[in-house]
$ cat model-v2.txt   # compact mmCIF, C-alpha atoms
# COMPACT_ATOMS: atom_id res chain seq x y z
CA MET A 1 4.33 7.57 -3.57
CA PRO A 2 6.66 5.39 -1.43
CA ARG A 3 7.10 1.76 -2.41
CA LEU A 4 5.22 -0.78 -0.34
CA ASP A 5 6.54 -2.90 2.51
CA PHE A 6 4.12 -5.74 1.71
CA ARG A 7 3.20 -7.82 -1.33
CA ILE A 8 -0.06 -6.95 -3.00
CA PHE A 9 -3.24 -8.79 -3.97
CA ASP A 10 -4.19 -7.86 -7.54
CA ALA A 11 -7.97 -8.16 -7.92
CA ASP A 12 -7.89 -7.86 -11.72
CA ASN A 13 -5.28 -10.04 -13.39
CA HIS A 14 -5.70 -12.00 -16.60
CA TYR A 15 -4.48 -14.94 -18.63
CA TYR A 16 -4.69 -15.23 -22.39
CA GLU A 17 -6.73 -18.35 -23.02
CA ALA A 18 -5.20 -21.42 -24.62
CA THR A 19 -6.61 -21.98 -28.09
CA ASP A 20 -8.49 -25.04 -26.82
CA ALA A 21 -9.88 -23.35 -23.70
CA PHE A 22 -13.47 -23.77 -24.90
CA THR A 23 -13.00 -26.91 -26.97
CA ARG A 24 -10.72 -29.24 -24.97
CA HIS A 25 -13.61 -30.58 -22.90
CA LEU A 26 -16.53 -29.55 -25.07
CA ASP A 27 -19.09 -32.23 -25.92
CA ARG A 28 -18.49 -32.92 -29.61
CA ARG A 29 -22.21 -32.83 -30.25
CA MET A 30 -22.14 -29.15 -29.24
CA GLN A 31 -19.21 -27.97 -31.35
CA ARG A 32 -21.20 -26.50 -34.23
CA ARG A 33 -23.68 -24.85 -31.87
CA ALA A 34 -21.08 -23.58 -29.40
CA LEU A 35 -17.49 -22.69 -30.29
CA GLN A 36 -15.12 -24.00 -32.92
CA TRP A 37 -12.10 -22.86 -34.89
CA ALA A 38 -11.99 -22.24 -38.63
CA GLU A 39 -9.42 -20.86 -41.04
CA ILE A 40 -10.78 -17.85 -42.91
CA ASN A 41 -8.65 -15.99 -45.44
CA GLY A 42 -5.62 -17.76 -44.06
CA ARG A 43 -6.26 -16.71 -40.45
CA PRO A 44 -7.55 -18.81 -37.55
CA MET A 45 -10.91 -17.43 -36.42
CA LEU A 46 -13.28 -18.44 -33.65
CA LEU A 47 -16.85 -19.27 -34.60
CA ALA A 48 -19.65 -18.87 -32.07
CA GLY A 49 -22.84 -20.58 -33.09
CA GLY A 50 -21.44 -20.92 -36.60
CA LYS A 51 -20.73 -17.17 -36.96
CA ILE A 52 -17.41 -15.35 -36.75
CA CYS A 53 -16.98 -13.96 -33.26
CA ARG A 54 -15.33 -10.55 -33.50
CA PHE A 55 -15.08 -9.75 -29.79
CA ILE A 56 -11.30 -10.36 -29.95
CA PRO A 57 -9.89 -9.67 -33.44
CA ASN A 58 -6.91 -11.98 -32.79
CA PRO A 59 -8.28 -14.83 -30.63
CA THR A 60 -5.00 -16.80 -30.71
CA PHE A 61 -3.27 -13.89 -28.87
CA ASP A 62 0.00 -14.51 -30.71
CA PRO A 63 1.34 -11.93 -31.27
CA VAL A 64 -0.21 -9.76 -28.59
CA ALA A 65 0.03 -6.20 -27.28
CA ARG A 66 2.56 -5.16 -24.68
CA PRO A 67 1.17 -4.78 -21.14
CA GLY A 68 0.10 -1.22 -20.42
CA CYS A 69 0.81 0.14 -23.90
CA LEU A 70 -2.53 2.00 -23.88
CA ASP A 71 -2.18 3.43 -20.37
CA GLN A 72 -1.74 7.05 -21.44
CA TYR A 73 -4.33 6.68 -24.20
CA TYR A 74 -6.97 5.67 -21.65
CA ARG A 75 -5.95 8.52 -19.37
CA GLY A 76 -6.90 10.86 -22.21
CA ASN A 77 -3.26 11.81 -22.71
CA ASN A 78 -2.71 11.56 -26.47
CA PRO A 79 -0.92 14.75 -27.58
CA ASP A 80 0.10 13.27 -30.94
CA ALA A 81 -3.54 12.36 -31.73
CA HIS A 82 -2.71 8.75 -32.52
CA ASP A 83 -5.60 6.48 -33.32
CA ILE A 84 -5.87 3.43 -31.11
CA ARG A 85 -4.23 1.11 -33.64
CA THR A 86 -1.15 3.35 -33.71
CA ALA A 87 -1.21 3.69 -29.92
CA PHE A 88 -0.91 -0.10 -29.60
CA GLY A 89 2.52 0.03 -31.16
CA GLU A 90 4.37 -3.10 -32.16
CA LEU A 91 2.95 -6.43 -31.02
CA GLU A 92 5.15 -9.06 -29.39
CA PRO A 93 5.19 -12.87 -29.22
CA ILE A 94 3.03 -14.25 -26.44
CA ARG A 95 4.97 -14.75 -23.21
CA PRO A 96 4.94 -18.10 -21.35
CA CYS A 97 3.62 -16.43 -18.18
CA TYR A 98 0.40 -15.51 -19.98
CA ARG A 99 -0.52 -19.18 -20.29
CA ASN A 100 1.50 -21.13 -17.75
CA ARG A 101 0.78 -20.87 -14.03
CA ASP A 102 4.33 -21.73 -12.86
CA ASP A 103 5.78 -19.04 -15.10
CA ARG A 104 3.08 -16.68 -13.85
CA LEU A 105 4.08 -17.28 -10.23
CA GLN A 106 7.65 -16.32 -11.08
CA MET A 107 6.40 -13.15 -12.77
CA MET A 108 4.21 -12.34 -9.76
CA ASP A 109 7.28 -12.66 -7.52
CA GLN A 110 9.13 -10.16 -9.72
CA GLN A 111 6.16 -7.79 -9.66
CA GLY A 112 5.66 -7.88 -5.88
CA ILE A 113 2.30 -9.66 -6.21
CA GLU A 114 1.55 -12.32 -3.62
CA LYS A 115 -1.95 -13.23 -4.81
CA ALA A 116 -4.23 -12.43 -7.72
CA PHE A 117 -7.67 -13.10 -9.10
CA LEU A 118 -7.31 -14.23 -12.73
CA PHE A 119 -10.19 -13.50 -15.09
CA PRO A 120 -10.90 -14.47 -18.71
CA THR A 121 -9.84 -12.32 -21.64
CA LEU A 122 -11.73 -13.98 -24.48
CA GLY A 123 -14.29 -15.59 -22.20
CA VAL A 124 -16.02 -12.38 -21.11
CA GLY A 125 -17.35 -11.89 -24.64
CA MET A 126 -18.73 -15.36 -25.30
CA GLU A 127 -22.01 -15.32 -23.35
CA GLU A 128 -23.39 -12.56 -25.54
CA ALA A 129 -22.31 -14.44 -28.66
CA LEU A 130 -24.17 -17.59 -27.52
CA LYS A 131 -27.09 -16.20 -25.53
CA GLN A 132 -29.70 -17.28 -28.12
CA ASP A 133 -28.76 -20.94 -27.49
CA PRO A 134 -28.68 -21.47 -23.70
CA GLU A 135 -27.86 -25.16 -23.97
CA ALA A 136 -24.82 -24.51 -26.14
CA CYS A 137 -23.71 -21.56 -23.99
CA HIS A 138 -23.84 -23.53 -20.75
CA ALA A 139 -22.03 -26.45 -22.40
CA ALA A 140 -19.30 -24.13 -23.66
CA PHE A 141 -18.70 -22.55 -20.27
CA HIS A 142 -18.76 -25.87 -18.45
CA ALA A 143 -15.99 -26.96 -20.83
CA PHE A 144 -14.23 -23.64 -20.19
CA ASN A 145 -14.38 -24.11 -16.41
CA GLN A 146 -12.91 -27.62 -16.80
CA TRP A 147 -10.05 -26.10 -18.82
CA LEU A 148 -9.57 -23.44 -16.15
CA ILE A 149 -8.98 -26.11 -13.51
CA ASP A 150 -6.55 -27.93 -15.81
CA ASP A 151 -4.40 -24.91 -16.60
CA TRP A 152 -4.84 -22.53 -13.68
CA GLY A 153 -6.84 -24.11 -10.86
CA HIS A 154 -9.24 -22.30 -8.58
CA ALA A 155 -6.77 -21.68 -5.76
CA PHE A 156 -3.34 -22.64 -7.08
CA ARG A 157 -0.96 -22.63 -4.12
CA GLU A 158 -3.31 -20.11 -2.50
CA ARG A 159 -1.82 -17.47 -4.78
CA ILE A 160 -3.54 -17.74 -8.16
CA PHE A 161 -7.32 -17.70 -7.91
CA GLY A 162 -8.76 -18.68 -11.29
CA VAL A 163 -12.31 -17.34 -11.43
CA PRO A 164 -14.81 -19.63 -13.22
CA TYR A 165 -17.50 -18.09 -15.40
CA VAL A 166 -21.18 -18.95 -14.92
CA PRO A 167 -23.77 -17.80 -17.50
CA LEU A 168 -27.19 -16.82 -16.18
CA LEU A 169 -29.30 -18.17 -19.01
CA ASP A 170 -30.92 -21.34 -17.70
CA PRO A 171 -31.63 -21.15 -13.94
CA GLU A 172 -31.14 -24.88 -13.32
CA ARG A 173 -27.94 -25.11 -15.34
CA ALA A 174 -26.56 -21.99 -13.64
CA HIS A 175 -27.26 -23.54 -10.24
CA ALA A 176 -25.65 -26.84 -11.30
CA GLU A 177 -22.54 -25.06 -12.63
CA LEU A 178 -22.18 -23.05 -9.43
CA GLU A 179 -22.51 -26.22 -7.41
CA TRP A 180 -19.84 -27.88 -9.59
CA VAL A 181 -17.25 -25.09 -9.26
CA LEU A 182 -17.87 -24.68 -5.52
CA ALA A 183 -17.15 -28.37 -5.03
CA ARG A 184 -13.76 -27.69 -6.67
CA ASP A 185 -12.81 -24.84 -4.33
CA ALA A 186 -13.80 -21.82 -6.40
CA ARG A 187 -13.38 -18.68 -4.26
CA ALA A 188 -15.16 -16.34 -6.66
CA VAL A 189 -17.39 -16.74 -9.70
CA CYS A 190 -17.64 -14.42 -12.68
CA LEU A 191 -20.96 -13.15 -14.06
CA ARG A 192 -21.54 -10.50 -16.69
CA ALA A 193 -23.22 -7.15 -16.06
CA ALA A 194 -26.30 -7.65 -18.20
CA PRO A 195 -29.87 -8.87 -18.03
CA ALA A 196 -30.11 -12.64 -17.74
CA TRP A 197 -31.13 -13.81 -21.20
CA THR A 198 -33.46 -16.74 -20.46
CA ARG A 199 -35.51 -18.78 -22.93
CA SER A 200 -38.45 -16.54 -22.01
CA GLY A 201 -36.47 -13.39 -22.78
CA PRO A 202 -34.36 -11.04 -20.66
CA ARG A 203 -34.84 -11.08 -16.91
CA SER A 204 -33.31 -9.24 -14.00
CA PRO A 205 -30.56 -11.36 -12.43
CA ALA A 206 -32.51 -10.85 -9.18
CA ASN A 207 -35.63 -12.46 -10.63
CA PRO A 208 -36.93 -15.21 -8.30
CA CYS A 209 -36.33 -17.79 -11.03
CA PHE A 210 -32.62 -17.57 -10.07
CA ASP A 211 -33.19 -17.90 -6.33
CA ARG A 212 -31.65 -21.40 -6.13
CA PHE A 213 -28.46 -19.98 -7.62
CA TRP A 214 -28.36 -17.05 -5.22
CA ALA A 215 -29.29 -19.20 -2.23
CA LEU A 216 -26.29 -21.44 -2.96
CA ALA A 217 -23.94 -18.47 -3.43
CA ASN A 218 -25.27 -16.99 -0.19
CA GLU A 219 -24.83 -20.23 1.73
CA ALA A 220 -21.31 -20.84 0.42
CA GLY A 221 -20.15 -17.27 0.98
CA VAL A 222 -18.46 -17.15 -2.43
CA THR A 223 -17.64 -13.77 -3.96
CA VAL A 224 -19.73 -12.92 -7.03
CA ALA A 225 -17.46 -10.93 -9.35
CA CYS A 226 -19.03 -8.99 -12.19
CA HIS A 227 -16.37 -8.35 -14.83
CA GLY A 228 -16.42 -6.05 -17.83
CA GLY A 229 -17.01 -7.64 -21.23
CA ASP A 230 -19.69 -7.78 -23.90
CA SER A 231 -22.90 -6.94 -22.04
CA GLY A 232 -24.96 -6.67 -25.21
CA TYR A 233 -25.32 -2.91 -24.82
CA GLY A 234 -24.24 -2.22 -28.37
CA VAL A 235 -27.93 -2.32 -29.31
CA TYR A 236 -28.45 1.00 -27.53
CA SER A 237 -25.84 2.88 -29.50
CA GLU A 238 -27.18 1.18 -32.64
CA MET A 239 -30.52 2.87 -31.98
CA TRP A 240 -28.66 6.20 -32.27
CA GLY A 241 -27.30 5.37 -35.69
CA GLU A 242 -24.12 3.52 -34.76
CA ALA A 243 -23.28 0.53 -36.94
CA GLY A 244 -23.30 -2.94 -35.42
CA ALA A 245 -24.69 -4.14 -32.12
CA SER A 246 -21.91 -6.59 -31.25
CA VAL A 247 -18.84 -5.42 -29.38
CA GLU A 248 -15.36 -5.71 -30.85
CA SER A 249 -12.64 -4.96 -28.34
CA PHE A 250 -10.95 -1.58 -28.81
CA LYS A 251 -13.23 -0.65 -31.73
CA SER A 252 -15.95 1.71 -30.68
CA SER A 253 -17.08 5.18 -31.63
CA PRO A 254 -16.98 8.27 -29.39
CA LEU A 255 -20.75 7.97 -28.90
CA GLN A 256 -20.45 4.31 -27.86
CA ASN A 257 -17.69 5.18 -25.41
CA ILE A 258 -19.73 7.95 -23.81
CA MET A 259 -23.16 6.37 -23.99
CA VAL A 260 -22.53 2.73 -23.14
CA GLY A 261 -19.26 2.55 -21.20
CA ASN A 262 -20.67 3.06 -17.71
CA ARG A 263 -24.18 1.66 -18.19
CA PRO A 264 -23.78 -2.09 -17.61
CA PRO A 265 -22.54 -1.94 -13.98
CA TYR A 266 -24.86 0.96 -13.18
CA ASP A 267 -27.89 -0.98 -14.41
CA TRP A 268 -26.80 -4.33 -12.98
CA PHE A 269 -26.26 -3.14 -9.42
CA ALA A 270 -29.35 -0.93 -9.57
CA ALA A 271 -31.41 -3.99 -10.50
CA LEU A 272 -29.94 -6.17 -7.74
CA ILE A 273 -30.70 -3.59 -5.07
CA CYS A 274 -34.04 -2.34 -6.37
CA HIS A 275 -35.21 -5.93 -6.73
CA ARG A 276 -34.15 -6.61 -3.13
CA LEU A 277 -31.69 -9.43 -3.73
CA PRO A 278 -29.39 -8.48 -0.79
CA GLN A 279 -32.36 -8.52 1.57
CA ARG A 280 -33.30 -12.04 0.45
CA TYR A 281 -29.70 -13.23 0.66
CA PRO A 282 -27.82 -11.05 3.15
CA ASN A 283 -24.53 -12.99 2.94
CA LEU A 284 -23.89 -12.11 -0.72
CA ARG A 285 -20.70 -10.24 -1.57
CA PHE A 286 -20.24 -8.61 -4.99
CA ALA A 287 -17.10 -7.30 -6.66
CA SER A 288 -17.22 -4.96 -9.65
CA ILE A 289 -14.10 -5.66 -11.70
CA GLU A 290 -12.75 -3.85 -14.76
CA MET A 291 -15.82 -1.67 -15.10
CA GLY A 292 -14.31 1.45 -13.60
CA SER A 293 -16.03 3.60 -11.01
CA ASN A 294 -17.36 6.69 -12.81
CA TRP A 295 -20.85 5.18 -12.64
CA VAL A 296 -20.83 4.92 -8.83
CA PRO A 297 -21.47 8.59 -7.90
CA TYR A 298 -24.40 8.81 -10.32
CA LEU A 299 -25.92 5.57 -9.02
CA LEU A 300 -25.63 6.70 -5.40
CA GLN A 301 -27.09 10.10 -6.29
CA ASN A 302 -30.13 8.45 -7.88
CA PHE A 303 -30.48 6.01 -4.99
CA ARG A 304 -30.53 8.98 -2.61
CA ARG A 305 -33.17 10.82 -4.63
CA SER A 306 -35.45 7.82 -5.19
CA HIS A 307 -35.23 6.67 -1.58
CA GLY A 308 -35.94 10.16 -0.35
CA GLN A 309 -39.00 10.47 -2.57
CA ASP A 310 -40.54 7.17 -1.51
CA PRO A 311 -38.63 5.15 1.10
CA GLY A 312 -41.25 2.41 0.94
CA LEU A 313 -40.02 1.41 -2.49
CA PHE A 314 -36.89 -0.04 -0.91
CA ALA A 315 -36.39 -2.76 1.67
CA ALA A 316 -33.60 -0.65 3.24
CA ASP A 317 -31.51 2.43 2.49
CA PRO A 318 -30.12 1.54 -0.97
CA ILE A 319 -26.85 3.41 -0.45
CA GLU A 320 -26.12 1.56 2.76
CA THR A 321 -27.08 -1.70 1.06
CA PHE A 322 -24.62 -0.94 -1.74
CA ARG A 323 -21.85 -0.08 0.72
CA ARG A 324 -22.45 -3.26 2.69
CA HIS A 325 -22.49 -5.70 -0.22
CA VAL A 326 -20.37 -4.23 -3.08
CA TRP A 327 -16.62 -3.86 -3.56
CA VAL A 328 -15.42 -1.80 -6.53
CA SER A 329 -12.14 -1.89 -8.46
CA PRO A 330 -11.72 1.58 -10.01
CA PHE A 331 -9.67 2.02 -13.13
CA HIS A 332 -6.30 3.48 -12.27
CA GLU A 333 -7.22 6.54 -14.36
CA ASP A 334 -10.42 7.14 -12.34
CA ASP A 335 -10.82 9.52 -9.41
CA VAL A 336 -9.89 6.94 -6.79
CA PRO A 337 -9.90 9.37 -3.82
CA LEU A 338 -13.49 10.36 -4.70
CA LEU A 339 -14.55 6.70 -4.60
CA ARG A 340 -12.84 6.32 -1.21
CA ASP A 341 -14.89 9.23 0.08
CA LEU A 342 -18.12 7.68 -1.22
CA LEU A 343 -17.66 4.06 -0.19
CA GLY A 344 -14.78 3.93 2.28
CA ALA A 345 -11.34 2.44 1.71
CA ASP A 346 -12.54 -0.97 2.87
CA ARG A 347 -14.67 -1.32 -0.28
CA LEU A 348 -12.00 -0.51 -2.88
CA LEU A 349 -9.97 -3.11 -4.77
CA MET A 350 -6.68 -2.55 -6.54
CA GLY A 351 -6.75 -4.04 -10.04
CA SER A 352 -3.97 -3.67 -12.61
CA ASP A 353 -5.64 -5.47 -15.55
CA TRP A 354 -2.20 -6.97 -16.27
CA PRO A 355 -1.13 -7.99 -18.89
CA HIS A 356 -3.75 -6.18 -20.97
CA ALA A 357 -2.88 -3.22 -23.15
CA GLU A 358 -5.19 -0.82 -21.31
CA GLY A 359 -3.91 -1.78 -17.86
CA LEU A 360 -0.70 -1.00 -16.01
CA ALA A 361 2.68 -2.19 -17.23
CA ASN A 362 3.77 -2.42 -13.60
CA PRO A 363 0.92 -3.40 -11.21
CA LEU A 364 2.64 -1.79 -8.22
CA ASP A 365 2.20 1.60 -9.89
CA TYR A 366 -1.46 1.53 -8.85
CA VAL A 367 -0.33 2.89 -5.49
CA ASP A 368 0.47 6.19 -7.22
CA GLU A 369 -3.28 6.76 -7.65
CA LEU A 370 -3.90 6.58 -3.89
CA VAL A 371 -3.03 10.20 -3.21
CA GLY A 372 -4.10 11.27 0.27
CA PHE A 373 -4.70 7.73 1.49
CA SER A 374 -3.31 6.73 4.87
CA GLN A 375 -0.92 3.79 5.11
CA ALA A 376 -3.71 1.70 6.62
CA GLU A 377 -6.04 2.62 3.74
CA ILE A 378 -3.36 1.81 1.15
CA ARG A 379 -2.88 -1.62 2.66
CA LYS A 380 -6.63 -2.26 2.51
CA VAL A 381 -6.91 -1.27 -1.14
CA MET A 382 -3.72 -2.95 -2.30
CA ARG A 383 -4.11 -6.19 -0.34
CA GLU A 384 -6.50 -6.77 2.54
CA ASN A 385 -9.86 -6.18 0.84
CA ALA A 386 -9.18 -8.69 -1.95
CA LEU A 387 -7.72 -11.12 0.57
CA GLU A 388 -11.04 -11.04 2.44
CA LEU A 389 -12.94 -11.75 -0.78
CA SER A 390 -10.69 -14.71 -1.62
CA LEU A 391 -11.89 -16.54 1.49
CA ARG A 392 -15.30 -18.09 1.37
CA ARG A 393 -17.48 -16.85 4.23
CA PRO A 394 -20.34 -19.35 4.71
CA ALA A 395 -23.64 -17.98 5.97
CA ALA A 396 -24.16 -18.05 9.73
CA HIS A 397 -27.09 -20.07 11.05
$ encode --input "model-v2.txt" --output "structure tokens"
Amino acid sequence: MPRLDFRIFDADNHYYEATDAFTRHLDRRMQRRALQWAEINGRPMLLAGGKICRFIPNPTFDPVARPGCLDQYYRGNNPDAHDIRTAFGELEPIRPCYRNRDDRLQMMDQQGIEKAFLFPTLGVGMEEALKQDPEACHAAFHAFNQWLIDDWGHAFRERIFGVPYVPLLDPERAHAELEWVLARDARAVCLRAAPAWTRSGPRSPANPCFDRFWALANEAGVTVACHGGDSGYGVYSEMWGEAGASVESFKSSPLQNIMVGNRPPYDWFAALICHRLPQRYPNLRFASIEMGSNWVPYLLQNFRRSHGQDPGLFAADPIETFRRHVWVSPFHEDDVPLLRDLLGADRLLMGSDWPHAEGLANPLDYVDELVGFSQAEIRKVMRENALELSLRRPAAH
């Protein structure tokens, strides 16, 4: 593919959290219930609710994997049959641009990136670890969002868009946290693709108990980004004899990969649409980030069948509702042209997952996946669609 004549907007970029990301601003009374560090067998480990959190085996991120070192592994191209540990190769010292926003801007200039959404690395696994204690979980993520402003900002120089994370555990606290980050210029907020684990048990995120949250998101026109992480779906593979319900990054069995990998976004967006959230709040915009796109054809197929069987079950055509409200960032190894045919190029987001091991070493290489796309479509996917989502679009009255 030819190189681009414009700078791109990467919809899936990451930092590696500072070691005090969750603790710098955390209420000391919450430390034992929320997150704290401990030395175990000579290694620093993160405790969540007093238990070792194994979501990231090396939560200090130093040393860390090279960007893109698992690219071919995740494409299914592993002729030497290396296990994933071998495929990682040699780790390297953490680079300044992984934790410093000025260094990151210089790296973005070298990479041809004008703007980027930056998502958590460690943070996307912490809600599951703390979901049984909503008060501690909300306290931890409020502290995290304060750290995010300190180190990255929400719209640093209109180039780096740090995305705050809001747990959906306590409806009032979720609304208050959204109100707090919006007042500080958040352009997008990150939720996890999972049932909302309230004190009364799991609920659909579209349950009316969360309507104040959704009404505020709708009014503000902020993008709601659902990012891959620990959705708690390990319990399903456990029912089939797999050991352990909690997720540890890069350690899963073939059955877990096949059974669970595509379920969280499929279920989450099915629930939002079947429970008529977009009809109640028509200004909502959702972005599916780092969850691939293989689930999309199956979801649309089932929407088509269910709507055809009984249209009265839906407030509107569910496929058209999905196309109107949802943007999807396909993995670079996915069938991106197929997704274009299903949703249209104006609903696709380029995401490199840089600097993660499973992403691209060079974010610009994502363009090589856009085979058969017109120049106008390439520009939409590589820049314009994410640019639109970075601008808040308040509801019209």
$ atom_distance --input "model-v2.txt" --atom1 "atom CA of A:Pro282" --atom2 "atom CA of A:Pro394"
11.3 Å
$ atom_distance --input "model-v2.txt" --atom1 "atom CA of A:Trp327" --atom2 "atom CA of A:Ala193"
14.5 Å
$ residues_around --input "model-v2.txt" --residues "A:Met108" --least-positions-apart "4" --cutoff "12 Å" --atoms "all atoms listed in the file" --output "VMD selection string"
chain A and resid 7 to 10 13 97 to 98 101 to 104 112 to 117 159 to 160 354 to 355 362 to 364
$ atom_distance --input "model-v2.txt" --atom1 "atom CA of A:Asp230" --atom2 "atom CA of A:Ser288"
14.7 Å
$ residues_around --input "model-v2.txt" --residues "A:Gln146" --least-positions-apart "5" --cutoff "12 Å" --atoms "only C-alpha atoms" --output "number ranges by chain"
A: 20-27, 139-141, 151-154, 162-165, 177, 180-181, 184, 186
$ closest_atom_pairs --input "model-v2.txt" --of "stretch 279-320 of chain A" --to "stretch 195-212 of chain A" --cutoff "12 Å" --atoms "all atoms listed in the file" --output "CSV"
residue,atom,partner,partner_atom,distance
A:Gln279,CA,A:Ala206,CA,11.0
A:Arg280,CA,A:Asp211,CA,9.0
A:Tyr281,CA,A:Asp211,CA,9.1
$ closest_residue --input "model-v2.txt" --among "A:Trp268, A:Arg43, A:Arg75, A:His142" --to "A:Asp335" --atoms "all atoms listed in the file"
A:Arg75
$ closest_residue --input "model-v2.txt" --among "A:His175, A:Arg263, A:Arg187, A:His356" --to "A:Arg393" --atoms "only C-alpha atoms"
A:Arg187
$ residues_near_point --input "model-v2.txt" --point "(-18.3, -8.1, -4.6)" --cutoff "9 Å" --atoms "only C-alpha atoms" --output "PyMOL selection string"
chain A and resi 223-226+284-289+325-328+347+389
$ closest_residue --input "model-v2.txt" --among "A:Pro134, A:Val222, A:Trp214, A:Phe331" --to "A:Pro278" --atoms "only C-alpha atoms"
A:Trp214
$ residues_around --input "model-v2.txt" --residues "A:Val64" --least-positions-apart "6" --cutoff "10 Å" --atoms "all atoms listed in the file" --output "ChimeraX atom specification"
/A:16,58,88,90-95,355-357
$ write_last_selection --input "model-v2.txt" --atoms "C-alpha atoms" --output "mmCIF file, in the coordinates of the input"
data_model
loop_
_atom_site.group_PDB
_atom_site.id
_atom_site.type_symbol
_atom_site.label_atom_id
_atom_site.label_comp_id
_atom_site.auth_asym_id
_atom_site.auth_seq_id
_atom_site.Cartn_x
_atom_site.Cartn_y
_atom_site.Cartn_z
ATOM 1 C CA TYR A 16 -4.690 -15.230 -22.390
ATOM 2 C CA ASN A 58 -6.910 -11.980 -32.790
ATOM 3 C CA PHE A 88 -0.910 -0.100 -29.600
ATOM 4 C CA GLU A 90 4.370 -3.100 -32.160
ATOM 5 C CA LEU A 91 2.950 -6.430 -31.020
ATOM 6 C CA GLU A 92 5.150 -9.060 -29.390
ATOM 7 C CA PRO A 93 5.190 -12.870 -29.220
ATOM 8 C CA ILE A 94 3.030 -14.250 -26.440
ATOM 9 C CA ARG A 95 4.970 -14.750 -23.210
ATOM 10 C CA PRO A 355 -1.130 -7.990 -18.890
ATOM 11 C CA HIS A 356 -3.750 -6.180 -20.970
ATOM 12 C CA ALA A 357 -2.880 -3.220 -23.150
#
$ closest_atom_pairs --input "model-v2.txt" --of "stretch 330-370 of chain A" --to "stretch 379-383 of chain A" --cutoff "10 Å" --atoms "all atoms listed in the file" --output "Markdown table"
| residue | atom | partner | partner_atom | distance |
| --- | --- | --- | --- | --- |
| A:Arg340 | CA | A:Val381 | CA | 9.6 |
| A:Ala345 | CA | A:Val381 | CA | 6.4 |
| A:Asp346 | CA | A:Lys380 | CA | 6.1 |
| A:Arg347 | CA | A:Val381 | CA | 7.8 |
| A:Leu348 | CA | A:Val381 | CA | 5.4 |
| A:Leu349 | CA | A:Val381 | CA | 5.1 |
| A:Met350 | CA | A:Met382 | CA | 5.2 |
| A:Gly351 | CA | A:Met382 | CA | 8.4 |
| A:Leu364 | CA | A:Met382 | CA | 8.8 |
| A:Tyr366 | CA | A:Met382 | CA | 8.3 |
| A:Val367 | CA | A:Met382 | CA | 7.5 |
| A:Leu370 | CA | A:Val381 | CA | 8.8 |
$ residues_around --input "model-v2.txt" --residues "A:Cys274" --least-positions-apart "2" --cutoff "9 Å" --atoms "all atoms listed in the file" --output "JSON, numbers by chain"
{"A": [269, 270, 271, 272, 276, 277, 313, 314, 315, 318]}
$ write_last_selection --input "model-v2.txt" --atoms "C-alpha atoms" --output "PDB file, in the frame of the given file"
ATOM      1  CA  PHE A 269     -26.260  -3.140  -9.420  1.00  0.00           C
ATOM      2  CA  ALA A 270     -29.350  -0.930  -9.570  1.00  0.00           C
ATOM      3  CA  ALA A 271     -31.410  -3.990 -10.500  1.00  0.00           C
ATOM      4  CA  LEU A 272     -29.940  -6.170  -7.740  1.00  0.00           C
ATOM      5  CA  ARG A 276     -34.150  -6.610  -3.130  1.00  0.00           C
ATOM      6  CA  LEU A 277     -31.690  -9.430  -3.730  1.00  0.00           C
ATOM      7  CA  LEU A 313     -40.020   1.410  -2.490  1.00  0.00           C
ATOM      8  CA  PHE A 314     -36.890  -0.040  -0.910  1.00  0.00           C
ATOM      9  CA  ALA A 315     -36.390  -2.760   1.670  1.00  0.00           C
ATOM     10  CA  PRO A 318     -30.120   1.540  -0.970  1.00  0.00           C
TER      11      PRO A 318
END
$ residues_around --input "model-v2.txt" --residues "A:Ser390" --least-positions-apart "3" --cutoff "7 Å" --atoms "all atoms listed in the file" --output "NGL selection string"
:A and (187-188 or 386-387)
$ write_last_selection --input "model-v2.txt" --atoms "C-alpha atoms" --output "PDB file, in the coordinates of the input"
ATOM      1  CA  ARG A 187     -13.380 -18.680  -4.260  1.00  0.00           C
ATOM      2  CA  ALA A 188     -15.160 -16.340  -6.660  1.00  0.00           C
ATOM      3  CA  ALA A 386      -9.180  -8.690  -1.950  1.00  0.00           C
ATOM      4  CA  LEU A 387      -7.720 -11.120   0.570  1.00  0.00           C
TER       5      LEU A 387
END
$ decode --input "model-v2.txt" --residues "stretch 378-395 of chain A" --atoms "C-alpha atoms" --output "compact mmCIF listing (two decimals), in the first residue's frame"
# COMPACT_ATOMS: atom_id res chain seq x y z
CA ILE A 378 -8.57 5.05 3.94
CA ARG A 379 -8.60 8.60 5.22
CA LYS A 380 -11.82 7.94 7.15
CA VAL A 381 -10.46 4.80 8.81
CA MET A 382 -6.99 6.13 9.51
CA ARG A 383 -8.01 9.61 10.70
CA GLU A 384 -11.40 11.21 10.21
CA ASN A 385 -13.65 8.79 12.10
CA ALA A 386 -11.60 8.97 15.30
CA LEU A 387 -11.29 12.73 14.91
CA GLU A 388 -15.08 12.97 14.93
CA LEU A 389 -15.26 10.89 18.11
CA SER A 390 -12.67 13.08 19.85
CA LEU A 391 -15.03 16.06 19.65
CA ARG A 392 -17.90 16.16 22.07
CA ARG A 393 -21.21 16.50 20.25
CA PRO A 394 -23.80 17.82 22.74
CA ALA A 395 -27.40 16.74 22.24
